[in-house]
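For reference, start.csv (CSV, C-alpha atoms):
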```csv
chain,number,residue,atom,x,y,z
A,1,MET,CA,31.3,-19.0,85.0
A,2,ARG,CA,28.3,-18.1,82.8
A,3,GLU,CA,28.2,-17.0,79.2
A,4,TYR,CA,26.8,-13.5,78.5
A,5,GLU,CA,26.3,-11.1,75.6
A,6,ILE,CA,26.3,-7.3,75.8
A,7,VAL,CA,25.2,-4.8,73.2
A,8,TYR,CA,26.5,-1.3,73.4
A,9,ILE,CA,25.1,1.7,71.5
A,10,PHE,CA,27.7,4.5,71.4
A,11,ARG,CA,27.2,8.0,70.0
A,12,SER,CA,27.7,7.9,66.2
A,13,ASN,CA,30.4,10.6,66.1
A,14,PHE,CA,33.1,8.2,67.5
A,15,THR,CA,35.8,6.6,65.4
A,16,PRO,CA,36.3,2.9,65.6
A,17,GLU,CA,39.6,3.5,67.4
A,18,GLU,CA,37.9,5.5,70.1
A,19,ILE,CA,35.3,2.9,70.6
A,20,GLU,CA,38.0,0.2,70.7
A,21,ALA,CA,39.7,2.1,73.6
A,22,LYS,CA,36.4,2.3,75.5
A,23,LEU,CA,35.8,-1.4,74.9
A,24,GLU,CA,39.2,-2.3,76.3
A,25,ARG,CA,38.4,-0.3,79.4
A,26,TYR,CA,35.0,-2.0,79.9
A,27,HIS,CA,36.3,-5.5,79.1
A,28,GLY,CA,39.3,-4.9,81.4
A,29,LEU,CA,36.9,-5.0,84.3
A,30,LEU,CA,35.5,-8.4,83.2
A,31,THR,CA,38.9,-10.0,82.6
A,32,ALA,CA,40.7,-8.6,85.7
A,33,ASP,CA,42.0,-11.2,88.1
A,34,GLY,CA,41.1,-14.0,85.6
A,35,LYS,CA,37.4,-13.8,86.5
A,36,GLY,CA,36.3,-13.5,83.0
A,37,GLU,CA,37.1,-13.9,79.3
A,38,ILE,CA,36.0,-12.0,76.2
A,39,THR,CA,35.1,-14.7,73.6
A,40,ALA,CA,33.9,-12.5,70.6
A,41,VAL,CA,33.4,-8.9,69.6
A,42,GLU,CA,31.4,-7.8,66.6
A,43,GLN,CA,31.3,-4.1,65.5
A,44,TRP,CA,28.1,-3.5,63.5
A,45,GLY,CA,29.0,0.1,62.8
A,46,LYS,CA,26.7,3.1,62.5
A,47,ARG,CA,23.0,2.3,62.3
A,48,ARG,CA,19.8,4.4,62.4
A,49,LEU,CA,18.0,4.2,65.8
A,50,ALA,CA,14.3,3.3,65.9
A,51,TYR,CA,13.8,6.5,67.8
A,52,PRO,CA,16.1,9.3,68.8
A,53,ILE,CA,18.0,8.8,72.1
A,54,GLN,CA,19.4,12.0,73.7
A,55,LYS,CA,18.6,13.8,70.4
A,56,GLN,CA,20.8,11.3,68.5
A,57,PRO,CA,19.2,9.7,65.4
A,58,ASN,CA,22.1,7.3,64.8
A,59,GLY,CA,24.3,5.1,67.0
A,60,TYR,CA,27.4,2.9,66.7
A,61,TYR,CA,26.6,-0.7,67.6
A,62,VAL,CA,29.0,-3.2,69.2
A,63,VAL,CA,28.0,-6.7,70.4
A,64,ALA,CA,30.3,-8.8,72.6
A,65,GLN,CA,30.2,-12.3,74.1
A,66,PHE,CA,32.0,-13.1,77.3
A,67,ASN,CA,32.3,-15.6,80.1
A,68,SER,CA,32.3,-14.2,83.6
A,69,GLU,CA,31.5,-14.6,87.2
A,70,PRO,CA,28.6,-12.5,88.4
A,71,GLU,CA,30.6,-10.2,90.6
A,72,PRO,CA,32.4,-8.2,87.9
A,73,LEU,CA,29.0,-7.5,86.1
A,74,SER,CA,27.9,-5.2,88.8
A,75,GLN,CA,31.1,-3.2,88.5
A,76,LEU,CA,30.7,-3.1,84.7
A,77,GLU,CA,27.1,-1.9,84.9
A,78,ARG,CA,28.0,0.8,87.4
A,79,LEU,CA,30.7,2.1,85.0
A,80,LEU,CA,28.4,1.9,82.0
A,81,LYS,CA,25.6,3.9,83.8
A,82,LEU,CA,28.1,6.8,84.3
A,83,GLU,CA,29.3,6.9,80.7
A,84,ASP,CA,27.9,9.9,78.8
A,85,ASP,CA,29.1,8.6,75.4
A,86,LEU,CA,27.1,5.4,75.7
A,87,LEU,CA,23.5,5.8,74.6
A,88,ARG,CA,22.3,2.3,75.7
A,89,TYR,CA,23.6,-1.1,76.7
A,90,LEU,CA,22.0,-4.4,77.5
A,91,VAL,CA,23.6,-7.5,79.1
A,92,VAL,CA,21.8,-10.8,78.7
A,93,LEU,CA,22.7,-14.5,79.0
A,94,SER,CA,24.2,-15.9,75.8
A,95,GLU,CA,22.1,-18.2,73.6
A,96,GLY,CA,24.7,-19.3,71.1
A,97,GLU,CA,26.8,-17.5,68.5
A,98,LEU,CA,26.7,-13.7,68.0
A,99,PRO,CA,23.6,-12.4,66.2
A,100,LEU,CA,24.3,-10.4,63.0
A,101,PRO,CA,22.0,-7.9,61.4
A,102,GLU,CA,20.6,-9.3,58.1
A,103,SER,CA,22.5,-6.8,56.0
A,104,MET,CA,25.8,-8.1,57.4
A,105,ARG,CA,24.8,-11.7,57.0
A,106,VAL,CA,24.1,-11.1,53.3
A,107,LEU,CA,27.5,-9.4,52.9
A,108,ARG,CA,29.4,-12.2,54.7
A,109,ASP,CA,27.7,-15.0,52.8
A,110,GLY,CA,28.7,-13.2,49.5
A,111,GLN,CA,25.1,-13.0,48.3
A,112,ALA,CA,23.8,-10.1,46.4
A,113,GLY,CA,20.3,-8.7,46.9
A,114,GLU,CA,18.7,-11.7,45.2
A,115,SER,CA,19.1,-15.4,45.5
A,116,GLU,CA,19.6,-18.0,42.8
A,117,ASP,CA,15.8,-18.3,42.2
A,118,GLY,CA,15.3,-14.5,41.9
A,119,ARG,CA,13.7,-14.1,45.2
A,120,PRO,CA,15.1,-11.4,47.6
A,121,ALA,CA,17.6,-12.9,50.0
A,122,ARG,CA,15.4,-12.1,53.0
A,123,ALA,CA,12.4,-13.9,51.6
A,124,LYS,CA,14.5,-17.0,50.9
A,125,SER,CA,15.8,-17.2,54.4
A,126,ARG,CA,12.2,-17.2,55.7
A,127,ARG,CA,11.2,-19.8,53.2
A,128,LYS,CA,14.0,-22.0,54.3
A,129,ASP,CA,12.7,-22.0,57.8
A,130,GLU,CA,9.2,-22.9,56.6
A,131,ASP,CA,10.6,-25.8,54.6
A,132,GLU,CA,12.3,-27.2,57.7
A,133,GLU,CA,9.0,-27.4,59.5
A,134,GLY,CA,7.9,-30.1,57.0
A,135,ASP,CA,6.0,-28.2,54.4
A,136,GLU,CA,6.0,-30.9,51.7
A,137,ASP,CA,3.4,-29.3,49.4
A,138,ASP,CA,5.8,-26.7,48.2
A,139,ASP,CA,8.3,-29.4,47.2
A,140,GLU,CA,5.7,-31.1,45.0
A,141,GLU,CA,4.8,-27.8,43.3
A,142,ASP,CA,8.5,-27.2,42.6
A,143,GLU,CA,8.7,-30.6,40.9
A,144,ASP,CA,5.7,-29.8,38.7
A,145,ASP,CA,7.2,-26.5,37.7
A,146,ASP,CA,10.4,-28.2,36.6
A,147,GLU,CA,8.4,-30.7,34.5
A,148,ASP,CA,6.6,-27.8,32.8
A,149,LYS,CA,9.9,-26.1,31.9
A,150,GLU,CA,11.2,-29.3,30.2
A,151,ASP,CA,8.2,-29.5,27.8
```

Any chance you could give the structure as structure tokens?
Amino acid sequence: MREYEIVYIFRSNFTPEEIEAKLERYHGLLTADGKGEITAVEQWGKRRLAYPIQKQPNGYYVVAQFNSEPEPLSQLERLLKLEDDLLRYLVVLSEGELPLPESMRVLRDGQAGESEDGRPARAKSRRKDEDEEGDEDDDEEDEDDDEDKED
């Protein structure tokens, strides 16, 4: 079995209960006969689309991870192509834990719009990645700033 991720974009006028019913139907194909297993499902909720799809400016996003044999995937994709309520979908091989939009990451971590040092949370996350690459000059500048504050 291989690990996969699937992203669904439903019409935005559905309730979470209606979407849950559709997901059970789709995921039932994957888990039938013990050929697959759903490992995680994240509902991102309503989001604005980058461009209108079928005259819809918004969509309801759901991301799921699952383990499956390749055979049920063809049945799932055939079913998804026939769904009128599904704007788009994408199945890819999984590369780790489920991705989250940045707005949800900020809410889950309990951070407000700014970090401890007053920078926006988004800028700090980028800076953290830069520091991991071995940018030592910034660390020295930070120490100099601390010394100036003590005087």

Which residue is closest to Asn58 of chain A? Choose from A:Glu3, A:Leu29, A:Pro72, A:Gly45 and count all atoms listed in the file. A:Gly45

If we count only C-alpha atoms, what is near Arg2 of chain A at a cut-off of 8 Å, once residues fewer than 6 positions away on the same chain are taken out, given as a PyMOL selection string? chain A and resi 67-70+93

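Taking all atoms listed in the file into account, Ala32 of chain A lies nearest to A:Glu71 out of the set A:Glu71, A:Arg78, A:Val92, A:Glu83.
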
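Shortest atom-to-atom contact with Arg88 of chain A among A:Val63, A:Gly36, A:Met1, A:Val7: A:Val7, counting all atoms listed in the file.
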
Name the residues within 10 Å of (25.5, -7.5, 75.8), counting all atoms listed in the file in the file's coordinates, and put them as an MDAnalysis selection string. chainID A and resid 4:8 62:66 89:94

Selected residue of minimal separation from Gln75 of chain A among A:Leu87, A:Val41, A:Leu30, A:Ala50, counting only C-alpha atoms: A:Leu30

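Separating atom CA of Arg48 of chain A from atom CA of Ser74 of chain A is a distance of 29.2 Å.
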
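For the pair atom CA of Arg47 of chain A and atom CA of Tyr61 of chain A, the interatomic distance is 7.1 Å.
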
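Across A:Pro16, A:Glu95, A:Leu76, A:Asp84, the tightest approach to Trp44 of chain A is made by A:Pro16 when counting all atoms listed in the file.
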
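Taking atom CA of Gly59 of chain A and atom CA of Phe14 of chain A as the two end points, the separation is 9.3 Å.
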